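**Q** Enclosed is the structure file target-v2.cif (mmCIF, C-alpha atoms (C1' of nucleotides)).
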data_coords
loop_
_atom_site.label_atom_id
_atom_site.label_comp_id
_atom_site.auth_asym_id
_atom_site.auth_seq_id
_atom_site.Cartn_x
_atom_site.Cartn_y
_atom_site.Cartn_z
CA MET A 1 196.00 -46.11 10.91
CA THR A 2 194.84 -44.14 7.91
CA ARG A 3 191.21 -43.38 7.58
CA TRP A 4 191.03 -43.94 3.80
CA GLU A 5 193.11 -45.74 1.24
CA PRO A 6 194.99 -43.16 -0.83
CA GLY A 7 194.56 -42.68 -4.58
CA ALA A 8 190.79 -42.56 -4.69
CA ALA A 9 190.71 -40.82 -8.10
CA GLU A 10 193.06 -43.38 -9.64
CA ARG A 11 191.07 -46.29 -8.23
CA LEU A 12 187.89 -44.83 -9.65
CA ALA A 13 189.47 -44.32 -13.06
CA GLN A 14 190.78 -47.88 -13.13
CA ALA A 15 187.48 -49.36 -12.00
CA ALA A 16 185.61 -47.33 -14.59
CA LEU A 17 187.88 -48.34 -17.46
CA ASP A 18 187.64 -51.99 -16.44
CA LEU A 19 183.88 -51.96 -16.17
CA TYR A 20 183.37 -49.99 -19.38
CA ALA A 21 185.58 -52.50 -21.18
CA GLU A 22 183.92 -55.53 -19.58
CA ARG A 23 180.25 -54.75 -19.97
CA GLY A 24 180.06 -51.48 -21.87
CA TYR A 25 179.70 -47.85 -20.88
CA GLU A 26 175.91 -47.70 -20.84
CA GLN A 27 175.52 -50.94 -18.95
CA THR A 28 177.74 -49.64 -16.16
CA THR A 29 176.28 -47.52 -13.37
CA VAL A 30 178.29 -45.01 -11.41
CA ALA A 31 177.32 -46.84 -8.24
CA GLU A 32 179.04 -49.97 -9.57
CA ILE A 33 182.22 -48.06 -10.38
CA ALA A 34 182.31 -46.48 -6.93
CA ASN A 35 181.56 -49.80 -5.32
CA ARG A 36 184.44 -51.54 -7.09
CA ALA A 37 186.73 -48.72 -5.97
CA GLY A 38 185.52 -49.10 -2.39
CA LEU A 39 183.78 -45.71 -2.39
CA THR A 40 180.32 -44.25 -2.79
CA GLU A 41 178.59 -42.76 -5.81
CA ARG A 42 178.71 -39.31 -4.26
CA THR A 43 182.48 -39.48 -3.94
CA PHE A 44 182.80 -40.42 -7.61
CA PHE A 45 181.18 -37.10 -8.52
CA ARG A 46 183.52 -35.23 -6.22
CA HIS A 47 186.47 -36.48 -8.28
CA TYR A 48 184.92 -36.45 -11.76
CA ALA A 49 182.35 -34.04 -13.14
CA ASP A 50 180.39 -36.79 -14.83
CA LYS A 51 180.42 -40.42 -15.88
CA ARG A 52 182.38 -39.63 -19.07
CA GLU A 53 185.08 -37.44 -17.62
CA VAL A 54 186.64 -40.32 -15.72
CA LEU A 55 188.17 -41.48 -19.00
CA PHE A 56 189.63 -38.09 -19.89
CA SER A 57 191.49 -36.88 -16.83
CA GLY A 58 194.79 -37.36 -18.64
CA ALA A 59 193.98 -34.69 -21.20
CA SER A 60 196.02 -31.97 -19.52
CA ALA A 61 199.03 -34.29 -19.28
CA LEU A 62 198.92 -34.33 -23.07
CA GLN A 63 198.03 -30.69 -23.62
CA GLN A 64 200.70 -29.09 -21.46
CA PRO A 65 203.76 -30.55 -23.20
CA MET A 66 202.20 -29.93 -26.60
CA VAL A 67 201.53 -26.27 -25.90
CA ALA A 68 204.99 -25.86 -24.39
CA ALA A 69 206.58 -27.38 -27.48
CA VAL A 70 204.77 -24.92 -29.74
CA GLU A 71 205.87 -22.03 -27.58
CA ASN A 72 209.46 -23.24 -27.44
CA ALA A 73 209.83 -23.91 -31.15
CA PRO A 74 212.59 -21.83 -32.76
CA ALA A 75 211.49 -18.27 -33.45
CA SER A 76 212.35 -18.83 -37.08
CA ALA A 77 210.00 -21.82 -37.37
CA ALA A 78 206.92 -21.44 -39.57
CA PRO A 79 203.55 -21.97 -37.80
CA ILE A 80 203.10 -25.45 -39.25
CA ASP A 81 206.54 -26.44 -38.03
CA ALA A 82 205.88 -25.13 -34.54
CA VAL A 83 202.66 -27.16 -34.46
CA THR A 84 204.55 -30.19 -35.70
CA ASP A 85 206.89 -29.84 -32.75
CA GLY A 86 203.79 -29.85 -30.58
CA LEU A 87 202.50 -33.04 -32.18
CA ARG A 88 205.85 -34.72 -31.64
CA ALA A 89 205.71 -33.78 -27.96
CA GLY A 90 202.25 -35.30 -27.75
CA ALA A 91 203.48 -38.46 -29.42
CA ALA A 92 206.26 -38.73 -26.84
CA VAL A 93 203.67 -38.68 -24.07
CA LEU A 94 201.51 -41.38 -25.65
CA GLU A 95 204.20 -43.66 -27.04
CA PRO A 96 204.87 -45.59 -23.80
CA ARG A 97 201.13 -46.06 -23.12
CA ARG A 98 200.09 -47.91 -26.22
CA PRO A 99 198.25 -50.83 -24.55
CA PHE A 100 196.36 -48.46 -22.31
CA SER A 101 195.51 -46.19 -25.23
CA ARG A 102 194.25 -49.16 -27.13
CA THR A 103 191.75 -50.46 -24.59
CA ARG A 104 190.67 -46.93 -23.81
CA GLN A 105 190.09 -46.20 -27.49
CA THR A 106 188.11 -49.42 -27.91
CA VAL A 107 185.80 -48.30 -25.14
CA ILE A 108 185.39 -44.85 -26.64
CA ALA A 109 184.79 -46.19 -30.14
CA ALA A 110 181.88 -48.22 -28.80
CA ASN A 111 179.92 -45.26 -27.45
CA PRO A 112 178.83 -41.97 -29.07
CA GLU A 113 178.68 -40.05 -25.78
CA LEU A 114 182.32 -40.86 -25.18
CA GLN A 115 183.19 -39.89 -28.73
CA GLU A 116 181.57 -36.52 -28.14
CA ARG A 117 183.71 -35.98 -25.08
CA GLU A 118 186.81 -37.05 -26.98
CA LEU A 119 186.01 -34.59 -29.75
CA ILE A 120 185.57 -31.64 -27.43
CA LYS A 121 188.85 -32.50 -25.73
CA LEU A 122 190.55 -32.48 -29.11
CA ALA A 123 188.85 -29.21 -30.01
CA ARG A 124 190.09 -27.63 -26.78
CA LEU A 125 193.55 -28.96 -27.47
CA GLY A 126 193.36 -27.34 -30.89
CA ALA A 127 192.25 -24.08 -29.35
CA ALA A 128 195.18 -24.20 -26.94
CA LEU A 129 197.60 -24.78 -29.80
CA ALA A 130 196.04 -21.87 -31.70
CA ASP A 131 196.52 -19.66 -28.63
CA ALA A 132 200.15 -20.71 -28.47
CA LEU A 133 200.54 -19.75 -32.10
CA ARG A 134 198.99 -16.35 -31.44
CA ARG A 135 201.54 -15.83 -28.72
CA ARG A 136 204.07 -16.41 -31.48
CA ALA A 137 202.45 -13.50 -33.33
CA VAL A 138 200.69 -15.72 -35.86
CA PRO A 139 197.53 -13.87 -36.92
CA ASP A 140 194.05 -15.31 -37.39
CA PRO A 141 192.73 -17.18 -39.25
CA ALA A 142 196.16 -18.70 -39.88
CA ALA A 143 196.53 -19.65 -36.21
CA SER A 144 193.18 -21.47 -36.02
CA LEU A 145 193.68 -23.19 -39.34
CA THR A 146 197.19 -24.36 -38.61
CA ALA A 147 196.13 -25.72 -35.24
CA ALA A 148 193.11 -27.46 -36.77
CA ALA A 149 195.31 -29.00 -39.45
CA GLY A 150 197.65 -30.23 -36.73
CA ILE A 151 194.78 -31.81 -34.81
CA ALA A 152 193.56 -33.52 -37.97
CA VAL A 153 197.00 -34.99 -38.53
CA PHE A 154 197.24 -36.07 -34.91
CA ARG A 155 193.85 -37.73 -35.04
CA VAL A 156 194.51 -39.66 -38.21
CA ALA A 157 197.94 -40.76 -37.03
CA PHE A 158 196.58 -41.77 -33.63
CA GLU A 159 193.85 -43.90 -35.16
CA ARG A 160 196.35 -45.74 -37.29
CA TRP A 161 198.64 -46.13 -34.28
CA VAL A 162 196.06 -47.87 -32.10
CA ASP A 163 195.11 -50.07 -35.01
CA GLU A 164 196.39 -53.55 -34.19
CA SER A 165 197.92 -54.12 -37.60
CA GLU A 166 200.11 -51.03 -37.41
CA SER A 167 203.36 -51.48 -35.56
CA ARG A 168 205.05 -48.20 -36.40
CA GLN A 169 205.77 -45.51 -33.85
CA LEU A 170 203.27 -42.71 -33.43
CA THR A 171 205.91 -40.14 -34.33
CA ASP A 172 206.53 -41.79 -37.68
CA LEU A 173 202.82 -41.97 -38.44
CA ILE A 174 202.53 -38.27 -37.62
CA GLU A 175 205.34 -37.35 -39.98
CA GLU A 176 203.79 -39.46 -42.69
CA SER A 177 200.29 -38.06 -42.20
CA LEU A 178 201.66 -34.55 -42.18
CA GLY A 179 203.41 -35.18 -45.48
CA GLU A 180 200.17 -36.54 -46.85
CA LEU A 181 198.24 -33.48 -45.73
CA LYS A 182 200.77 -31.18 -47.34
CA ALA A 183 200.57 -33.12 -50.59
CA VAL A 184 196.80 -33.11 -50.54
CA THR A 185 196.35 -29.42 -49.81
CA ALA A 186 198.83 -28.59 -52.54
CA GLY A 187 196.29 -30.09 -54.91
CA VAL A 188 198.67 -32.86 -55.93
CA ARG A 189 197.24 -36.28 -56.55
CA MET B 9 138.29 -32.43 -37.63
CA THR B 10 141.90 -33.31 -37.17
CA ARG B 11 142.95 -34.96 -34.01
CA TRP B 12 146.31 -33.17 -33.70
CA GLU B 13 147.85 -30.05 -35.12
CA PRO B 14 150.39 -31.02 -37.78
CA GLY B 15 154.10 -30.27 -37.62
CA ALA B 16 154.77 -31.49 -34.11
CA ALA B 17 158.52 -31.87 -34.70
CA GLU B 18 158.84 -28.35 -36.09
CA ARG B 19 156.86 -26.87 -33.21
CA LEU B 20 159.08 -28.66 -30.75
CA ALA B 21 162.24 -27.44 -32.48
CA GLN B 22 161.00 -23.86 -32.53
CA ALA B 23 159.91 -23.96 -28.90
CA ALA B 24 163.25 -25.44 -27.87
CA LEU B 25 165.30 -22.86 -29.73
CA ASP B 26 163.23 -20.04 -28.26
CA LEU B 27 163.51 -21.32 -24.72
CA TYR B 28 167.22 -22.12 -24.98
CA ALA B 29 167.81 -18.60 -26.25
CA GLU B 30 165.60 -16.97 -23.63
CA ARG B 31 166.68 -18.66 -20.46
CA GLY B 32 169.53 -20.96 -21.45
CA TYR B 33 169.81 -24.64 -22.29
CA GLU B 34 170.34 -25.96 -18.77
CA GLN B 35 167.58 -23.85 -17.27
CA THR B 36 165.08 -25.26 -19.73
CA THR B 37 163.31 -28.57 -19.02
CA VAL B 38 161.99 -30.85 -21.72
CA ALA B 39 158.56 -30.63 -20.10
CA GLU B 40 158.60 -26.87 -20.71
CA ILE B 41 159.53 -27.30 -24.35
CA ALA B 42 156.78 -29.85 -24.89
CA ASN B 43 154.31 -27.70 -23.03
CA ARG B 44 155.03 -24.66 -25.20
CA ALA B 45 154.56 -26.84 -28.29
CA GLY B 46 151.24 -28.12 -26.93
CA LEU B 47 152.56 -31.65 -26.43
CA THR B 48 153.87 -33.88 -23.67
CA GLU B 49 157.41 -34.70 -22.62
CA ARG B 50 157.03 -38.28 -23.86
CA THR B 51 156.17 -37.05 -27.33
CA PHE B 52 159.27 -34.86 -27.40
CA PHE B 53 161.41 -37.98 -27.01
CA ARG B 54 159.53 -39.71 -29.80
CA HIS B 55 160.65 -36.97 -32.18
CA TYR B 56 164.13 -36.28 -30.82
CA ALA B 57 166.53 -38.74 -29.25
CA ASP B 58 167.51 -36.31 -26.51
CA LYS B 59 167.36 -32.74 -25.34
CA ARG B 60 170.33 -31.72 -27.54
CA GLU B 61 169.28 -33.35 -30.75
CA VAL B 62 166.36 -30.96 -31.22
CA LEU B 63 168.89 -28.31 -32.36
CA PHE B 64 170.58 -30.57 -34.89
CA SER B 65 167.83 -32.11 -36.97
CA GLY B 66 168.93 -30.01 -39.96
CA ALA B 67 172.28 -31.78 -40.17
CA SER B 68 171.24 -34.15 -42.94
CA ALA B 69 169.89 -31.25 -44.99
CA LEU B 70 173.44 -29.95 -44.96
CA GLN B 71 175.22 -33.26 -45.39
CA GLN B 72 173.32 -34.61 -48.37
CA PRO B 73 174.08 -31.77 -50.80
CA MET B 74 177.69 -31.63 -49.63
CA VAL B 75 178.26 -35.33 -50.21
CA ALA B 76 176.48 -35.14 -53.56
CA ALA B 77 178.70 -32.26 -54.63
CA VAL B 78 181.83 -34.23 -53.80
CA GLU B 79 180.54 -37.19 -55.77
CA ASN B 80 179.55 -35.05 -58.73
CA ALA B 81 182.78 -33.09 -58.96
CA PRO B 82 184.54 -33.54 -62.30
CA ALA B 83 186.44 -36.80 -62.48
CA SER B 84 189.57 -34.81 -63.18
CA ALA B 85 189.24 -32.78 -59.97
CA ALA B 86 191.86 -33.32 -57.28
CA PRO B 87 190.49 -34.50 -53.88
CA ILE B 88 190.86 -31.07 -52.32
CA ASP B 89 188.92 -29.53 -55.19
CA ALA B 90 186.13 -32.08 -54.91
CA VAL B 91 185.88 -31.30 -51.20
CA THR B 92 185.84 -27.61 -51.99
CA ASP B 93 182.84 -28.20 -54.23
CA GLY B 94 181.23 -29.88 -51.25
CA LEU B 95 181.93 -26.91 -49.01
CA ARG B 96 180.41 -24.54 -51.59
CA ALA B 97 177.29 -26.68 -51.67
CA GLY B 98 177.09 -26.45 -47.89
CA ALA B 99 177.50 -22.70 -48.03
CA ALA B 100 174.62 -22.49 -50.49
CA VAL B 101 172.39 -24.27 -47.98
CA LEU B 102 173.33 -22.01 -45.09
CA GLU B 103 173.56 -18.68 -46.90
CA PRO B 104 169.80 -17.84 -46.79
CA ARG B 105 169.54 -18.81 -43.10
CA ARG B 106 172.02 -16.46 -41.57
CA PRO B 107 169.81 -14.98 -38.83
CA PHE B 108 168.69 -18.44 -37.78
CA SER B 109 172.27 -19.73 -37.83
CA ARG B 110 173.30 -16.84 -35.67
CA THR B 111 170.84 -17.32 -32.82
CA ARG B 112 171.37 -21.07 -32.97
CA GLN B 113 175.13 -20.62 -32.76
CA THR B 114 174.79 -18.25 -29.83
CA VAL B 115 172.86 -20.91 -27.96
CA ILE B 116 175.40 -23.58 -28.79
CA ALA B 117 178.34 -21.38 -27.85
CA ALA B 118 176.84 -20.93 -24.39
CA ASN B 119 176.77 -24.63 -23.52
CA PRO B 120 179.47 -27.34 -23.64
CA GLU B 121 177.01 -30.20 -24.06
CA LEU B 122 175.69 -28.57 -27.20
CA GLN B 123 179.21 -27.95 -28.43
CA GLU B 124 179.93 -31.65 -28.03
CA ARG B 125 176.94 -32.50 -30.15
CA GLU B 126 177.96 -29.95 -32.75
CA LEU B 127 181.44 -31.44 -32.92
CA ILE B 128 180.24 -34.99 -33.43
CA LYS B 129 177.91 -33.79 -36.19
CA LEU B 130 180.87 -32.13 -37.88
CA ALA B 131 182.96 -35.26 -37.40
CA ARG B 132 180.26 -37.38 -39.00
CA LEU B 133 180.00 -34.90 -41.83
CA GLY B 134 183.75 -35.21 -42.30
CA ALA B 135 183.46 -39.00 -42.31
CA ALA B 136 180.74 -38.78 -44.96
CA LEU B 137 182.92 -36.55 -47.12
CA ALA B 138 185.82 -38.98 -46.68
CA ASP B 139 183.56 -41.82 -47.79
CA ALA B 140 182.57 -39.84 -50.85
CA LEU B 141 186.24 -39.33 -51.65
CA ARG B 142 186.89 -43.06 -51.31
CA ARG B 143 184.12 -43.67 -53.81
CA ARG B 144 186.19 -41.44 -56.08
CA ALA B 145 189.05 -43.89 -55.58
CA VAL B 146 190.98 -41.60 -53.25
CA PRO B 147 193.01 -43.87 -50.92
CA ASP B 148 193.46 -43.49 -47.18
CA PRO B 149 194.82 -41.62 -45.35
CA ALA B 150 194.48 -38.99 -48.07
CA ALA B 151 190.68 -39.27 -48.02
CA SER B 152 190.41 -38.77 -44.24
CA LEU B 153 192.94 -35.95 -44.22
CA THR B 154 191.39 -34.07 -47.12
CA ALA B 155 187.95 -34.33 -45.55
CA ALA B 156 189.28 -33.20 -42.18
CA ALA B 157 191.00 -30.24 -43.80
CA GLY B 158 187.75 -29.35 -45.52
CA ILE B 159 185.85 -29.50 -42.23
CA ALA B 160 188.46 -27.28 -40.58
CA VAL B 161 188.06 -24.71 -43.33
CA PHE B 162 184.28 -24.91 -43.12
CA ARG B 163 184.35 -24.44 -39.36
CA VAL B 164 186.65 -21.44 -39.41
CA ALA B 165 184.72 -19.80 -42.23
CA PHE B 166 181.39 -20.47 -40.53
CA GLU B 167 182.55 -18.92 -37.28
CA ARG B 168 183.63 -15.78 -39.07
CA TRP B 169 180.36 -15.73 -41.02
CA VAL B 170 178.14 -15.74 -37.94
CA ASP B 171 180.33 -13.09 -36.39
CA GLU B 172 178.30 -9.89 -36.37
CA SER B 173 181.11 -7.73 -37.73
CA GLU B 174 181.59 -9.86 -40.83
CA SER B 175 179.26 -9.11 -43.69
CA ARG B 176 180.84 -11.20 -46.40
CA GLN B 177 179.18 -14.23 -47.92
CA LEU B 178 179.98 -17.64 -46.51
CA THR B 179 181.29 -18.79 -49.89
CA ASP B 180 183.83 -16.01 -49.99
CA LEU B 181 184.99 -16.75 -46.48
CA ILE B 182 185.41 -20.40 -47.42
CA GLU B 183 187.54 -19.54 -50.44
CA GLU B 184 189.63 -17.23 -48.33
CA SER B 185 190.10 -19.72 -45.51
CA LEU B 186 190.98 -22.43 -47.98
CA GLY B 187 193.65 -20.22 -49.51
CA GLU B 188 194.96 -19.53 -46.04
CA LEU B 189 195.12 -23.23 -45.22
CA LYS B 190 197.01 -23.94 -48.43
CA ALA B 191 199.46 -21.18 -47.65
CA VAL B 192 199.97 -22.38 -44.11
CA THR B 193 200.48 -26.06 -44.94
CA ALA B 194 202.94 -25.09 -47.63
CA GLY B 195 205.07 -23.75 -44.81
CA VAL B 196 204.88 -20.22 -46.18
CA ARG B 197 204.55 -17.36 -43.75
"C1'" DA C 23 129.88 -50.78 -40.27
"C1'" DG C 24 133.88 -52.42 -38.62
"C1'" DG C 25 138.69 -53.00 -37.96
"C1'" DC C 26 143.45 -51.57 -38.37
"C1'" DC C 27 147.03 -47.79 -37.96
"C1'" DG C 28 149.75 -44.35 -36.16
"C1'" DA C 29 150.54 -40.30 -33.39
"C1'" DT C 30 149.79 -39.01 -28.93
"C1'" DG C 31 148.86 -39.44 -23.79
"C1'" DT C 32 149.57 -41.66 -19.17
"C1'" DC C 33 152.30 -43.68 -15.78
"C1'" DA C 34 155.83 -46.00 -13.41
"C1'" DG C 35 160.63 -46.78 -13.18
"C1'" DT C 36 165.88 -46.16 -13.62
"C1'" DT C 37 169.87 -43.43 -13.25
"C1'" DA C 38 172.87 -39.37 -13.70
"C1'" DC C 39 173.82 -35.62 -11.03
"C1'" DT C 40 173.36 -31.95 -6.99
"C1'" DG C 41 172.89 -29.67 -2.43
"C1'" DA C 42 172.92 -29.94 2.57
"C1'" DC C 43 174.58 -31.83 6.42
"C1'" DA C 44 177.12 -35.40 9.33
"C1'" DT C 45 181.37 -37.98 10.43
"C1'" DC C 46 185.98 -38.53 12.04
"C1'" DA C 47 191.13 -39.46 11.45
"C1'" DC C 48 194.72 -36.28 11.09
"C1'" DT C 49 197.23 -31.84 12.14
"C1'" DG C 50 198.71 -28.03 14.39
"C1'" DT C 51 198.68 -25.32 18.51
"C1'" DA C 52 198.16 -23.89 23.36
"C1'" DT D 20 197.81 -33.61 26.59
"C1'" DA D 21 193.65 -31.50 25.23
"C1'" DC D 22 191.21 -29.48 21.68
"C1'" DA D 23 189.66 -26.85 17.66
"C1'" DG D 24 190.06 -26.88 12.64
"C1'" DT D 25 190.46 -29.22 8.14
"C1'" DG D 26 189.38 -32.09 4.45
"C1'" DA D 27 187.94 -36.34 2.33
"C1'" DT D 28 184.23 -39.20 2.71
"C1'" DG D 29 179.36 -40.89 3.84
"C1'" DT D 30 174.23 -40.24 4.07
"C1'" DC D 31 170.06 -38.71 2.31
"C1'" DA D 32 166.67 -36.37 -0.20
"C1'" DG D 33 165.58 -34.27 -4.46
"C1'" DT D 34 165.46 -32.95 -9.65
"C1'" DA D 35 165.26 -34.06 -14.36
"C1'" DA D 36 166.62 -36.81 -18.47
"C1'" DC D 37 165.24 -40.74 -20.63
"C1'" DT D 38 162.67 -45.52 -21.32
"C1'" DG D 39 159.17 -49.25 -21.59
"C1'" DA D 40 154.38 -50.72 -21.39
"C1'" DC D 41 149.93 -49.84 -22.22
"C1'" DA D 42 145.74 -46.90 -23.30
"C1'" DT D 43 143.32 -43.70 -26.47
"C1'" DC D 44 140.95 -42.43 -30.62
"C1'" DG D 45 140.50 -39.81 -35.25
"C1'" DG D 46 141.21 -41.22 -39.97
"C1'" DC D 47 141.57 -44.49 -43.54
"C1'" DC D 48 140.71 -48.81 -45.95
"C1'" DT D 49 137.72 -52.50 -47.09
#
Output the structure of this file as structure tokens.
**A**
Amino acid sequence: MTRWEPGAAERLAQAALDLYAERGYEQTTVAEIANRAGLTERTFFRHYADKREVLFSGASALQQPMVAAVENAPASAAPIDAVTDGLRAGAAVLEPRRPFSRTRQTVIAANPELQERELIKLARLGAALADALRRRAVPDPAASLTAAAGIAVFRVAFERWVDESESRQLTDLIEESLGELKAVTAGVR
Amino acid sequence: MTRWEPGAAERLAQAALDLYAERGYEQTTVAEIANRAGLTERTFFRHYADKREVLFSGASALQQPMVAAVENAPASAAPIDAVTDGLRAGAAVLEPRRPFSRTRQTVIAANPELQERELIKLARLGAALADALRRRAVPDPAASLTAAAGIAVFRVAFERWVDESESRQLTDLIEESLGELKAVTAGVR
DNA sequence: AGGCCGATGTCAGTTACTGACATCACTGTA
DNA sequence: TACAGTGATGTCAGTAACTGACATCGGCCT
């Protein structure tokens, strides 16, 4: 007989998302999350650094393929095209999880603390993409700027993707937003 | 005889910046800040929503001129040029406060919680610029993307500006970064 | 003179988060 | 088979951010 049910971290994440969605992030205590997962508050903090982080554990699952795609882009590819490959890789990760992304984003949109955490995750993702570009011998500030532009495109496309009315694929929205960014920075109206 | 010294909020902000710089953000308690300002902890929270916010009260002093500049850009100006006017207005606000910006940025760079707050302030600034563009009849997603590109440029230029080795003016760094972004999104290497 | 106002103080309470130590099924080894 | 070690969890006490309720009292208005 096993001493503990396996998958404690996953149970905590599920319980947290459910409770945040049901009654709101602020109205949920960590003790309640742990309780619903059949654990104690102390154990929650052994798995997640704080009450926000429980919603963001999947960040590396997104970052790794994106960075790899930038690194593996053809040597002849311009920086913006390497980053675009990265964005496509990210889209491939998210595409099958649209319902999950949607409820998660609803929860985040309802609370500034969670938005802050989301923003720093995106900023770190951008920094990782910039690093990947530097490994491709792209100098600064081009590396930082290209990565930041990519993140901006990703963000805008993602927001439209989780929007109920939109039914297009994330990849398509990324291509479209990228085209829009190029048009707009060219000074064309 | 006055009952209280005036300028409580300013005293609190100064005390907080000093203490954060001296011994670090985490190692500083709100009680210590209030004490140094000759006030109580409760009063601190009447002036600032939380321990982070005390470093960001100047955000609106930056946002207002930037938004105004976007709105007042010539009607013929393309979105990216209107945003660029906004960035120049922001640079004009920061230019005379370089030493202050530098110590403040050092403090922020040393702590993730403060970085999160900084990022959400920048995101809100970007949203305000996007709103200003929409008032200029710029449609979405062009408005969001142009604003985000502007914020990216501002961020990169600002980081270089507070860098000790750089001695150029913030405006110049913004122009340069903007040119770099245009080059990079055009796919030119 | 008297009363209202607004910034501050006082105090008690909640909750996120941390460190120290205990527990005990499982695992490998003698 | 006995037994020591490991690792995930529980227990408990403590700190500090933040909040609500109520008291205080100079200054201002009438």
**Q** In the coordinates of the file, take the point (151.8, -37.9, -26.7) and a cut-off of 9 Å; then, counting all atoms listed in the file, name each qualifying protein, DNA or RNA residue as a list in words.
**A**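 These residues have at least one counted atom within 9 Å: Leu47, Thr48, Glu49, Arg50, Thr51, Phe52 and Arg54 of chain B; DA29, DT30, DG31 and DT32 of chain C.
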**Q** Would you give me, as a PDB file with C-alpha atoms, in the frame of the given file, the residues of chain A that come within 8 Å of chain B, using all atoms listed in the file?
**A**
ATOM      1  CA  ALA A  78     206.920 -21.440 -39.570  1.00  0.00           C
ATOM      2  CA  PRO A  79     203.550 -21.970 -37.800  1.00  0.00           C
ATOM      3  CA  ILE A  80     203.100 -25.450 -39.250  1.00  0.00           C
ATOM      4  CA  ASP A  81     206.540 -26.440 -38.030  1.00  0.00           C
ATOM      5  CA  GLN A 115     183.190 -39.890 -28.730  1.00  0.00           C
ATOM      6  CA  GLU A 116     181.570 -36.520 -28.140  1.00  0.00           C
ATOM      7  CA  ARG A 117     183.710 -35.980 -25.080  1.00  0.00           C
ATOM      8  CA  LEU A 119     186.010 -34.590 -29.750  1.00  0.00           C
ATOM      9  CA  ILE A 120     185.570 -31.640 -27.430  1.00  0.00           C
ATOM     10  CA  PRO A 141     192.730 -17.180 -39.250  1.00  0.00           C
ATOM     11  CA  ALA A 142     196.160 -18.700 -39.880  1.00  0.00           C
ATOM     12  CA  SER A 144     193.180 -21.470 -36.020  1.00  0.00           C
ATOM     13  CA  LEU A 145     193.680 -23.190 -39.340  1.00  0.00           C
ATOM     14  CA  THR A 146     197.190 -24.360 -38.610  1.00  0.00           C
ATOM     15  CA  ALA A 148     193.110 -27.460 -36.770  1.00  0.00           C
ATOM     16  CA  ALA A 149     195.310 -29.000 -39.450  1.00  0.00           C
ATOM     17  CA  ALA A 152     193.560 -33.520 -37.970  1.00  0.00           C
ATOM     18  CA  VAL A 153     197.000 -34.990 -38.530  1.00  0.00           C
ATOM     19  CA  VAL A 156     194.510 -39.660 -38.210  1.00  0.00           C
ATOM     20  CA  SER A 177     200.290 -38.060 -42.200  1.00  0.00           C
ATOM     21  CA  GLU A 180     200.170 -36.540 -46.850  1.00  0.00           C
ATOM     22  CA  LEU A 181     198.240 -33.480 -45.730  1.00  0.00           C
ATOM     23  CA  LYS A 182     200.770 -31.180 -47.340  1.00  0.00           C
ATOM     24  CA  VAL A 184     196.800 -33.110 -50.540  1.00  0.00           C
ATOM     25  CA  THR A 185     196.350 -29.420 -49.810  1.00  0.00           C
ATOM     26  CA  ALA A 186     198.830 -28.590 -52.540  1.00  0.00           C
ATOM     27  CA  GLY A 187     196.290 -30.090 -54.910  1.00  0.00           C
ATOM     28  CA  VAL A 188     198.670 -32.860 -55.930  1.00  0.00           C
ATOM     29  CA  ARG A 189     197.240 -36.280 -56.550  1.00  0.00           C
TER      30      ARG A 189
END
**Q** Extract, using only C-alpha atoms (C1' of nucleotides), all DNA, RNA and protein residues at most 12 Å from range 32-48 of chain D, discarding same-chain residues fewer than 3 positions from it, and format them as a VMD selection string.
**A** (chain B and resid 9 to 12 34 to 40 49 to 54 56 to 60) or (chain C and resid 24 to 43)
**Q** For DT25 in chain D, work out the shell of residues within 12 Å, counting only C-alpha atoms (C1' of nucleotides) and skipping chain neighbours fewer than 3 positions away, then give it as a list in words.
**A**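 Close residues of DT25 in chain D: DC46, DA47, DC48, DT49 and DG50 of chain C.
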**Q** Mind checking which residues fall within 8 Å of range 164-172 of chain A, counting all atoms listed in the file, ignoring those fewer than 6 positions away in the same chain, and posting them as a PDB file with C-alpha atoms, in the frame of the given file?
**A**
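Saved to around31.pdb:
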ATOM      1  CA  ARG A  88     205.850 -34.720 -31.640  1.00  0.00           C
ATOM      2  CA  ALA A  91     203.480 -38.460 -29.420  1.00  0.00           C
ATOM      3  CA  ALA A  92     206.260 -38.730 -26.840  1.00  0.00           C
ATOM      4  CA  GLU A  95     204.200 -43.660 -27.040  1.00  0.00           C
ATOM      5  CA  ALA A 157     197.940 -40.760 -37.030  1.00  0.00           C
ATOM      6  CA  PHE A 158     196.580 -41.770 -33.630  1.00  0.00           C
TER       7      PHE A 158
END
**Q** Find the residues of chain D in contact range of chain A, meaning any atom within 10 Å when counting all atoms listed in the file, and list them as a ChimeraX atom specification.
**A** /D:27-30
**Q** For those residues, write C-alpha atoms (C1' of nucleotides) to a file as a PDB file, in the frame of the given file.
**A**
ATOM      1  C1'  DA D  27     187.940 -36.340   2.330  1.00  0.00           C
ATOM      2  C1'  DT D  28     184.230 -39.200   2.710  1.00  0.00           C
ATOM      3  C1'  DG D  29     179.360 -40.890   3.840  1.00  0.00           C
ATOM      4  C1'  DT D  30     174.230 -40.240   4.070  1.00  0.00           C
TER       5       DT D  30
END
**Q** Name all residues at most 8 Å from Leu87 in chain A (count all atoms listed in the file; drop same-chain ones fewer than 5 positions away) and give them as a ChimeraX atom specification.
**A** /A:66,150,154,174
**Q** Report the distance between CA of Glu18 in chain B and CA of Ala67 in chain B in Å, rounded to one decimal place.
**A**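 We find that CA of Glu18 in chain B and CA of Ala67 in chain B lie 14.5 Å from each other.
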**Q** Once the PyMOL selection byres ((chain D and resi 22) around 12) is applied to the coordinates I shared, what remains selected? I want it as number ranges by chain.
**A** C: 49-52; D: 20-21, 23-24
